[in-house]
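Trainee: As input, take input-v6.cif (mmCIF, C-alpha atoms):
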data_model
loop_
_atom_site.label_atom_id
_atom_site.label_comp_id
_atom_site.auth_asym_id
_atom_site.auth_seq_id
_atom_site.Cartn_x
_atom_site.Cartn_y
_atom_site.Cartn_z
CA MET D 96 0.00 0.00 0.00
CA ASN D 97 1.31 3.44 -0.89
CA ARG D 98 1.73 5.63 2.14
CA SER D 99 2.15 9.40 1.92
CA HIS D 100 3.80 11.54 4.57
CA THR D 101 2.95 14.94 6.01
CA ASP D 102 3.83 17.11 8.97
CA ILE D 103 0.21 17.50 10.04
CA LEU D 104 -2.96 15.60 9.22
CA ILE D 105 -6.20 17.32 10.21
CA SER D 106 -9.21 15.05 10.49
CA GLY D 107 -12.23 17.30 10.01
CA GLY D 108 -12.91 20.04 7.49
CA GLY D 109 -15.36 22.18 9.40
CA ILE D 110 -14.55 25.82 10.02
CA ALA D 111 -12.12 24.99 12.83
CA GLY D 112 -10.33 22.31 10.79
CA LEU D 113 -10.11 24.44 7.65
CA THR D 114 -8.81 27.41 9.64
CA ALA D 115 -6.19 25.16 11.21
CA ALA D 116 -5.15 23.93 7.76
CA ALA D 117 -4.73 27.50 6.52
CA ALA D 118 -2.90 28.59 9.65
CA PHE D 119 -0.41 25.71 9.74
CA GLY D 120 0.05 25.98 5.98
CA ALA D 121 0.80 29.71 6.27
CA ALA D 122 3.36 28.83 8.96
CA GLY D 123 5.20 26.56 6.50
CA PHE D 124 4.12 23.08 7.61
CA SER D 125 2.94 20.46 5.12
CA VAL D 126 -0.72 19.78 5.84
CA ILE D 127 -3.38 17.32 4.69
CA CYS D 128 -6.97 18.01 5.78
CA VAL D 129 -9.72 15.44 5.21
CA ASP D 130 -13.47 15.51 5.70
CA PRO D 131 -16.06 12.92 4.60
CA THR D 132 -18.61 15.61 3.65
CA PRO D 133 -17.75 17.97 0.78
CA PRO D 134 -18.15 21.57 2.01
CA ILE D 135 -21.15 23.59 0.88
CA THR D 136 -20.18 27.13 -0.03
CA GLU D 137 -23.45 28.59 -1.34
CA SER D 138 -26.32 29.76 0.85
CA SER D 139 -28.89 28.66 -1.75
CA ASN D 140 -27.97 24.98 -1.30
CA PRO D 141 -30.70 23.24 0.77
CA GLN D 142 -27.95 21.57 2.85
CA ALA D 143 -26.06 24.81 3.54
CA ASP D 144 -24.96 25.57 7.10
CA LEU D 145 -27.10 28.61 7.88
CA ARG D 146 -25.49 29.31 11.21
CA THR D 147 -23.18 32.25 11.72
CA THR D 148 -19.96 32.51 13.66
CA ALA D 149 -18.90 35.46 15.78
CA PHE D 150 -15.12 35.77 15.89
CA LEU D 151 -14.20 37.49 19.14
CA GLN D 152 -11.24 39.87 19.42
CA PRO D 153 -8.50 37.28 20.15
CA ALA D 154 -9.59 35.22 17.12
CA ARG D 155 -8.98 38.10 14.72
CA GLN D 156 -5.21 37.88 15.11
CA THR D 157 -5.33 34.15 14.38
CA LEU D 158 -7.19 34.91 11.14
CA ILE D 159 -4.69 37.65 10.27
CA ASP D 160 -1.73 35.31 10.84
CA ALA D 161 -3.40 32.66 8.67
CA GLY D 162 -3.81 35.17 5.83
CA LEU D 163 -7.61 34.95 6.06
CA TRP D 164 -8.77 38.23 7.55
CA ASP D 165 -8.40 40.45 4.48
CA SER D 166 -10.81 38.30 2.48
CA LEU D 167 -13.28 37.91 5.36
CA ALA D 168 -13.39 41.50 6.63
CA PRO D 169 -15.60 42.88 3.81
CA TYR D 170 -18.37 40.42 4.78
CA ALA D 171 -18.07 40.80 8.55
CA ALA D 172 -20.63 42.60 10.72
CA PRO D 173 -18.93 44.16 13.77
CA LEU D 174 -20.37 43.37 17.19
CA GLN D 175 -19.95 46.59 19.15
CA THR D 176 -22.55 45.98 21.85
CA MET D 177 -23.85 42.88 23.61
CA ARG D 178 -27.42 43.54 24.75
CA ILE D 179 -29.10 41.34 27.35
CA VAL D 180 -32.89 41.61 27.49
CA ASP D 181 -34.91 40.01 30.25
CA ALA D 182 -38.45 39.29 29.07
CA GLY D 183 -39.26 36.95 31.93
CA GLY D 184 -42.26 38.80 33.32
CA GLU D 185 -45.89 37.76 33.08
CA LEU D 186 -45.96 39.02 29.48
CA PRO D 187 -43.25 38.39 26.85
CA GLU D 188 -42.10 42.00 26.91
CA ALA D 189 -38.72 43.53 27.69
CA ARG D 190 -38.69 44.46 31.36
CA LEU D 191 -34.91 44.90 31.72
CA ILE D 192 -32.37 45.88 29.04
CA LYS D 193 -28.65 46.08 29.72
CA ASP D 194 -26.01 47.00 27.11
CA PHE D 195 -22.42 45.83 27.43
CA ASN D 196 -20.39 48.10 25.13
CA ALA D 197 -16.97 47.04 23.89
CA SER D 198 -15.73 50.64 24.23
CA ASP D 199 -15.65 50.10 28.01
CA ILE D 200 -12.69 47.76 27.66
CA SER D 201 -11.25 48.15 24.14
CA ASP D 202 -10.93 50.27 21.02
CA LEU D 203 -12.17 47.30 18.95
CA PRO D 204 -15.63 45.70 18.76
CA PHE D 205 -16.25 42.56 20.80
CA GLY D 206 -16.05 40.61 17.55
CA TRP D 207 -17.24 40.19 13.98
CA ASN D 208 -20.06 37.97 12.69
CA LEU D 209 -19.92 35.94 9.45
CA PRO D 210 -22.13 33.26 7.84
CA ASN D 211 -20.68 29.75 8.11
CA TRP D 212 -21.19 28.88 4.43
CA LEU D 213 -19.26 32.01 3.43
CA LEU D 214 -16.45 31.20 5.85
CA ARG D 215 -16.01 27.82 4.20
CA ARG D 216 -15.92 29.46 0.76
CA GLU D 217 -13.28 32.01 1.68
CA ILE D 218 -11.08 29.67 3.72
CA LEU D 219 -11.10 27.07 0.93
CA ALA D 220 -10.13 29.77 -1.56
CA LYS D 221 -7.12 30.61 0.62
CA ILE D 222 -6.14 26.94 1.01
CA GLU D 223 -6.13 26.54 -2.76
CA THR D 224 -3.32 29.13 -2.92
CA LEU D 225 -1.11 27.17 -0.49
CA ALA D 226 1.01 24.57 -2.26
CA ASN D 227 1.84 22.83 1.02
CA VAL D 228 -1.83 22.26 1.97
CA ASN D 229 -3.97 19.49 0.49
CA PHE D 230 -7.69 19.42 1.27
CA ARG D 231 -9.40 16.12 0.46
CA ALA D 232 -13.18 16.45 0.43
CA GLY D 233 -15.32 13.33 0.60
CA VAL D 234 -12.61 11.41 2.47
CA GLY D 235 -12.78 10.56 6.17
CA THR D 236 -10.64 8.90 8.82
CA GLN D 237 -11.09 5.12 8.98
CA ASP D 238 -8.45 3.87 11.42
CA VAL D 239 -5.65 5.34 13.53
CA VAL D 240 -2.51 3.62 14.77
CA THR D 241 -0.06 5.70 16.78
CA ARG D 242 3.65 5.12 17.37
CA GLU D 243 6.39 7.04 19.14
CA THR D 244 7.49 8.71 15.94
CA SER D 245 4.26 9.08 13.96
CA ALA D 246 0.55 8.42 13.63
CA ILE D 247 -0.55 6.16 10.79
CA VAL D 248 -4.01 7.08 9.51
CA ARG D 249 -5.99 4.94 7.09
CA LEU D 250 -8.60 6.92 5.17
CA THR D 251 -11.96 5.86 3.78
CA ASP D 252 -10.61 5.95 0.21
CA GLY D 253 -8.12 3.18 1.14
CA SER D 254 -5.06 5.43 1.25
CA SER D 255 -2.73 5.66 4.23
CA ILE D 256 -0.89 8.68 5.65
CA SER D 257 1.98 8.90 8.10
CA THR D 258 1.98 12.15 10.07
CA LYS D 259 4.06 13.72 12.82
CA LEU D 260 0.95 15.30 14.33
CA LEU D 261 -2.64 14.18 13.95
CA ILE D 262 -5.19 16.88 14.81
CA ALA D 263 -8.70 15.65 15.62
CA ALA D 264 -11.11 18.37 14.53
CA ASP D 265 -13.79 15.90 13.50
CA GLY D 266 -16.60 17.02 15.75
CA ARG D 267 -18.50 15.97 18.83
CA SER D 268 -18.67 12.32 17.65
CA SER D 269 -14.96 12.27 16.77
CA ASN D 270 -13.72 9.05 15.15
CA VAL D 271 -10.17 9.93 16.13
CA ARG D 272 -11.09 10.40 19.79
CA ALA D 273 -12.90 7.06 19.75
CA ALA D 274 -9.93 5.33 18.09
CA LEU D 275 -7.67 6.58 20.89
CA ASN D 276 -10.19 5.48 23.56
CA ILE D 277 -10.37 8.95 25.11
CA PRO D 278 -13.47 9.16 27.35
CA VAL D 279 -15.90 12.05 27.05
CA LYS D 280 -18.50 13.49 29.45
CA THR D 281 -21.75 14.64 27.84
CA ILE D 282 -24.61 16.70 29.30
CA ARG D 283 -27.94 16.70 27.47
CA TYR D 284 -30.55 19.41 28.07
CA GLY D 285 -33.49 18.24 25.99
CA GLN D 286 -33.01 21.41 23.95
CA LYS D 287 -32.52 22.17 20.31
CA ALA D 288 -31.40 25.34 18.56
CA LEU D 289 -33.34 26.66 15.58
CA VAL D 290 -31.29 28.88 13.26
CA PHE D 291 -32.39 31.19 10.46
CA SER D 292 -31.94 34.73 9.16
CA VAL D 293 -34.39 37.62 9.38
CA SER D 294 -34.75 41.16 8.09
CA HIS D 295 -36.17 44.07 10.10
CA ALA D 296 -36.97 47.74 9.55
CA PRO D 297 -34.70 49.39 12.15
CA SER D 298 -30.94 48.90 11.97
CA HIS D 299 -29.39 46.51 14.48
CA GLU D 300 -26.70 49.19 14.97
CA ASN D 301 -24.10 46.42 15.46
CA VAL D 302 -25.83 45.23 18.62
CA SER D 303 -25.99 41.49 19.35
CA THR D 304 -29.10 40.85 21.45
CA GLU D 305 -29.96 37.92 23.74
CA VAL D 306 -33.60 37.85 24.83
CA HIS D 307 -34.20 35.69 27.89
CA ARG D 308 -37.58 34.34 28.94
CA SER D 309 -37.60 30.54 29.37
CA GLY D 310 -36.41 27.48 27.49
CA GLY D 311 -33.17 29.15 26.39
CA PRO D 312 -32.07 32.46 24.85
CA PHE D 313 -33.39 33.96 21.63
CA THR D 314 -30.33 35.60 20.09
CA LEU D 315 -30.20 38.13 17.25
CA VAL D 316 -26.71 38.58 15.81
CA PRO D 317 -25.94 41.38 13.31
CA LEU D 318 -25.39 40.58 9.65
CA PRO D 319 -24.35 43.09 6.97
CA ASP D 320 -27.14 45.01 5.24
CA HIS D 321 -28.21 43.62 1.87
CA ASP D 322 -30.37 45.10 -0.91
CA GLY D 323 -31.26 48.03 1.30
CA LYS D 324 -32.53 45.79 4.13
CA HIS D 325 -31.21 45.22 7.65
CA PHE D 326 -30.43 41.58 8.49
CA SER D 327 -29.72 39.53 11.60
CA ALA D 328 -28.98 35.87 12.20
CA VAL D 329 -31.14 34.20 14.83
CA VAL D 330 -30.43 31.31 17.19
CA TRP D 331 -33.54 30.27 19.14
CA MET D 332 -32.90 27.69 21.86
CA GLU D 333 -35.90 25.88 23.29
CA LYS D 334 -37.13 22.45 24.36
CA ALA D 335 -36.68 20.00 21.51
CA ALA D 336 -40.38 19.30 20.98
CA LYS D 337 -41.14 23.01 20.68
CA ILE D 338 -38.32 23.56 18.18
CA ASP D 339 -39.60 20.65 16.09
CA SER D 340 -43.04 22.26 16.07
CA LEU D 341 -41.71 25.73 15.21
CA ALA D 342 -39.71 24.37 12.28
CA THR D 343 -42.88 23.21 10.52
CA LEU D 344 -45.05 26.31 11.00
CA SER D 345 -46.15 28.32 7.99
CA ILE D 346 -43.98 31.36 7.32
CA GLU D 347 -46.73 33.78 8.34
CA VAL D 348 -47.36 32.08 11.69
CA PHE D 349 -43.63 31.58 12.29
CA GLU D 350 -42.94 35.29 11.76
CA GLU D 351 -45.59 36.11 14.36
CA LYS D 352 -43.94 33.69 16.80
CA ILE D 353 -40.42 35.05 16.35
CA THR D 354 -41.52 38.67 16.61
CA LEU D 355 -43.29 37.86 19.89
CA ARG D 356 -40.33 35.86 21.25
CA SER D 357 -37.91 38.69 20.38
CA ALA D 358 -39.96 41.02 22.62
CA GLY D 359 -40.31 43.30 19.58
CA ILE D 360 -36.77 44.59 20.05
CA LEU D 361 -36.29 45.08 16.29
CA GLY D 362 -39.95 45.38 15.35
CA PRO D 363 -41.66 42.81 13.09
CA LEU D 364 -39.23 40.14 11.89
CA THR D 365 -39.35 38.75 8.33
CA LEU D 366 -37.96 35.27 7.66
CA GLU D 367 -35.24 35.44 4.97
CA SER D 368 -33.82 31.92 4.94
CA GLN D 369 -34.53 28.26 5.51
CA ARG D 370 -34.82 26.98 9.07
CA SER D 371 -32.45 24.36 10.44
CA SER D 372 -31.97 22.87 13.89
CA TRP D 373 -29.56 20.78 15.91
CA PRO D 374 -29.50 19.32 19.47
CA ILE D 375 -27.86 21.24 22.30
CA ILE D 376 -25.30 19.50 24.51
CA SER D 377 -22.27 20.25 26.65
CA GLN D 378 -19.30 17.92 26.29
CA ILE D 379 -15.71 17.70 27.49
CA ALA D 380 -13.07 15.08 26.68
CA ALA D 381 -11.12 13.61 29.59
CA THR D 382 -7.92 14.83 27.95
CA MET D 383 -7.08 16.82 24.84
CA TYR D 384 -4.23 14.66 23.63
CA GLY D 385 -3.05 11.14 22.91
CA GLN D 386 0.09 9.71 21.36
CA ARG D 387 1.00 11.93 18.36
CA THR D 388 -2.54 13.38 18.52
CA ALA D 389 -4.13 16.65 19.62
CA LEU D 390 -7.88 17.06 20.10
CA MET D 391 -9.28 20.47 19.27
CA ALA D 392 -12.63 22.15 18.68
CA GLU D 393 -15.73 19.97 19.18
CA ALA D 394 -13.67 16.80 19.33
CA ALA D 395 -12.41 18.22 22.65
CA HIS D 396 -15.27 20.38 23.93
CA VAL D 397 -18.82 21.37 23.03
CA VAL D 398 -20.87 24.20 24.56
CA PRO D 399 -24.35 25.59 23.91
CA PRO D 400 -24.34 28.59 21.53
CA ILE D 401 -24.23 31.29 24.21
CA GLY D 402 -21.78 34.19 24.26
CA ALA D 403 -20.03 33.11 21.05
CA GLN D 404 -17.82 30.74 23.02
CA GLY D 405 -17.81 27.62 20.79
CA LEU D 406 -15.61 28.37 17.81
CA ASN D 407 -13.60 30.92 19.78
CA MET D 408 -12.62 28.16 22.20
CA SER D 409 -11.61 26.14 19.14
CA LEU D 410 -9.43 28.95 17.84
CA GLY D 411 -7.91 29.23 21.30
CA ASP D 412 -6.86 25.59 20.89
CA LEU D 413 -5.41 26.43 17.47
CA ARG D 414 -3.44 29.42 18.78
CA VAL D 415 -1.75 27.30 21.44
CA LEU D 416 -1.01 24.42 19.05
CA LEU D 417 0.40 26.80 16.46
CA ASP D 418 2.56 28.65 18.98
CA LEU D 419 4.00 25.38 20.28
CA ALA D 420 4.62 24.06 16.76
CA THR D 421 6.33 27.20 15.47
CA SER D 422 8.42 27.77 18.59
CA ASP D 423 10.05 24.33 18.16
CA PRO D 424 9.17 22.58 14.86
CA THR D 425 11.48 19.67 15.75
CA ALA D 426 9.17 18.79 18.66
CA LEU D 427 6.03 18.61 16.50
CA GLY D 428 3.76 15.89 17.88
CA THR D 429 6.12 14.85 20.68
CA PRO D 430 4.92 14.09 24.23
CA LYS D 431 6.58 17.30 25.44
CA MET D 432 4.59 19.43 23.01
CA LEU D 433 1.26 17.64 23.50
CA GLU D 434 1.48 17.51 27.28
CA LYS D 435 2.08 21.26 27.33
CA TYR D 436 -0.85 21.79 24.96
CA ASN D 437 -3.12 19.80 27.25
CA ARG D 438 -1.87 21.68 30.30
CA LEU D 439 -2.55 25.06 28.68
CA ARG D 440 -5.95 24.24 27.19
CA HIS D 441 -7.79 21.49 29.04
CA ARG D 442 -8.39 23.29 32.33
CA GLU D 443 -9.46 26.42 30.43
CA ALA D 444 -11.92 24.33 28.39
CA GLN D 445 -13.35 22.74 31.53
CA ILE D 446 -13.95 26.15 33.11
CA ARG D 447 -15.70 27.49 30.02
CA VAL D 448 -17.85 24.39 29.54
CA THR D 449 -18.95 24.67 33.18
CA GLY D 450 -19.60 28.41 32.88
CA VAL D 451 -21.69 28.15 29.71
CA ASP D 452 -23.58 25.19 31.21
CA LEU D 453 -24.60 27.40 34.15
CA LEU D 454 -25.63 30.26 31.85
CA ASN D 455 -27.75 27.89 29.79
CA ARG D 456 -29.48 26.45 32.83
CA ALA D 457 -30.23 29.99 34.04
CA SER D 458 -31.70 30.87 30.63
CA MET D 459 -33.95 27.79 30.69
CA VAL D 460 -35.78 28.49 33.96
CA GLY D 461 -39.56 28.73 33.63
CA ALA D 462 -40.82 29.40 37.16
CA GLN D 463 -41.65 33.07 37.66
CA GLY D 464 -39.70 33.33 40.90
CA LEU D 465 -36.55 31.97 39.28
CA ARG D 466 -36.95 34.31 36.32
CA ASP D 467 -37.19 37.22 38.75
CA LEU D 468 -33.99 36.07 40.48
CA ARG D 469 -32.24 35.93 37.08
CA ALA D 470 -33.29 39.50 36.27
CA GLY D 471 -32.10 40.67 39.69
CA ALA D 472 -28.69 39.05 39.19
CA LEU D 473 -28.31 40.67 35.76
CA ASN D 474 -29.15 44.08 37.21
CA THR D 475 -26.64 43.62 40.03
CA PHE D 476 -23.79 42.47 37.79
CA TYR D 477 -24.37 45.30 35.34
CA SER D 478 -24.64 48.02 37.99
CA VAL D 479 -21.16 47.39 39.44
CA ALA D 480 -18.70 48.66 36.82
CA PRO D 481 -15.68 46.52 37.86
CA ILE D 482 -17.81 43.37 37.76
CA ARG D 483 -19.32 44.36 34.40
CA LYS D 484 -15.88 44.95 32.85
CA THR D 485 -14.49 41.74 34.35
CA LEU D 486 -17.37 39.73 32.85
CA MET D 487 -16.80 41.32 29.43
CA LYS D 488 -13.07 40.55 29.50
CA ALA D 489 -13.75 36.99 30.65
CA GLY D 490 -16.17 36.48 27.79
CA LEU D 491 -13.49 37.54 25.31
CA GLY D 492 -10.85 35.35 26.93
CA MET D 493 -8.84 38.41 27.98
CA ARG D 494 -6.76 38.31 31.13
#
What's the structure tokens form of this structure?
Mentor:
Amino acid sequence: MNRSHTDILISGGGIAGLTAAAAFGAAGFSVICVDPTPPITESSNPQADLRTTAFLQPARQTLIDAGLWDSLAPYAAPLQTMRIVDAGGELPEARLIKDFNASDISDLPFGWNLPNWLLRREILAKIETLANVNFRAGVGTQDVVTRETSAIVRLTDGSSISTKLLIAADGRSSNVRAALNIPVKTIRYGQKALVFSVSHAPSHENVSTEVHRSGGPFTLVPLPDHDGKHFSAVVWMEKAAKIDSLATLSIEVFEEKITLRSAGILGPLTLESQRSSWPIISQIAATMYGQRTALMAEAAHVVPPIGAQGLNMSLGDLRVLLDLATSDPTALGTPKMLEKYNRLRHREAQIRVTGVDLLNRASMVGAQGLRDLRAGALNTFYSVAPIRKTLMKAGLGMR
């Protein structure tokens, strides 16, 4: 059997895996990235990923270093303000609104929001310019055998690759993680997230808004204006049965439901896309490394979509891996490198998974008394400036 060789093999061609391929390629490493599902790069495709990703401040430098930011910036909607709305009273109306403005802690916005399908398109375009990066769509990881000097990966097309470092970026049901027998702890909430895009008459003014009532947050994230209309991406988290019901409503009835659930913050909402949903879980791997292997992104940790933590945690993994690899390329994939990676990232991931789990549970409460307690806590945290600024910095991953 012919066996090819590479510095780094990335199993998983989602946004995290593709970004890692571009970043390591830009740093001069030879990279092969594989994914069993060919990426969809047009929003009109019925199977397109309609979610959006908010890149927080620390992630921007990673994108710059990977040579990606210049092509992404024209499509990015800045997130200047994070607005928390409590609509947990007797009626689904805003009874408390608190704005967390990035200007309190930085000259930059909190982050920038981009559609996932567009991210795939632009990152793939960059990868195609890198002679040392090979992306193989429609090919997945079949088997993994690790040795002291390399990992041997057999792919679903029958080929075999020897790599100094195997990066598992193959999602919450990671084949690589399973092959290495790394345990994982999973929390299920009985929730799903429904995602779609809307237009609205007033401008969002670069404000990302979370509306809390019960069942989970209803989040409106700014998108760039298009054809003279103002757009936002929506993530509505609720009990799974309710999400399943919402997904099948007629457009007219659905628009009434989403306008009501948004507490009318942006006026009547008009559906501008398909609706798609996925189950909400929290998950953390027992460790983020094995022999010649690093786990990153959802192979290592999964959080509910609150506070834009998910992909930004993934890019935090990438930053550490890249720093370790470039500081000593001769140690690529060695126990010394991977143990340090785990030490720097695993505890941080555990803390964030726990923190987002608590936020999600608070957003789910239905009893009126508990909703009142949640509103009181929000008011207290916001009113004390040092606490407010500390929370904002923590959300960005700033020390």
Trainee: Residues near Ile360 of chain D, anyone? I mean within 12 Å using only C-alpha atoms, not counting same-chain ones fewer than 3 positions away, as a PyMOL selection string.
Mentor: chain D and resi 178-182+187-192+295-299+302-306+313-315+353-357+363-364
Trainee: At what distance in Å, to one decimal, does atom CA of Lys287 of chain D lie from atom CA of Lys352 of chain D?
Mentor: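 Result for atom CA of Lys352 of chain D versus atom CA of Lys287 of chain D: 16.6 Å, one decimal.
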Trainee: Need the shell around segment 158-174 of chain D: protein/DNA/RNA residues with any atom at most 6 Å away, counting all atoms listed in the file. Skip same-chain ones fewer than 4 positions apart. Format as a list in words?
Mentor: Ala117, Ala118, Ala121, Pro204, Phe205, Gly206, Trp207, Asn208, Leu209, Asn301, Val302, Leu318 and Pro319 of chain D
Trainee: Going by the chain IDs and residue numbers used in this file, which residues fall under the PyMOL selection byres ((chain D and resi 265) around 6)? Write them as a ChimeraX atom specification.
Mentor: /D:106-107,263-264,266,269,394
Trainee: Given the choices D:Thr176, D:Arg387, D:Ala116, D:Ser478, which gets closest to Ala426 of chain D if the distance is worked out from all atoms listed in the file?
Mentor: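 Residue with the minimum atom-to-atom distance to Ala426 of chain D: D:Arg387.
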Trainee: Would you mind listing what lies within 10 Å of Val451 of chain D as a PyMOL selection string, with all atoms listed in the file counted and same-chain residues fewer than 5 positions away left out?
Mentor: chain D and resi 377+397-402+404-405+446+456-457
Trainee: Around (-12.1, 31.4, 6.4) in the file's own coordinates, what residues are found within 7 Å if you use all atoms listed in the file, given back as a CSV table (one decimal) with C-alpha atoms, in the coordinates of the input?
Mentor:
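The result, stored in point-v7.csv:
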chain,number,residue,atom,x,y,z
D,114,THR,CA,-8.8,27.4,9.6
D,163,LEU,CA,-7.6,35.0,6.1
D,167,LEU,CA,-13.3,37.9,5.4
D,214,LEU,CA,-16.4,31.2,5.8
D,215,ARG,CA,-16.0,27.8,4.2
D,217,GLU,CA,-13.3,32.0,1.7
D,218,ILE,CA,-11.1,29.7,3.7
Trainee: Between atom CA of Ser372 of chain D and atom CA of Ala403 of chain D, what is the distance in Å, rounded to a tenth?
Mentor: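 So the two atoms, atom CA of Ser372 of chain D and atom CA of Ala403 of chain D, lie 17.3 Å apart.
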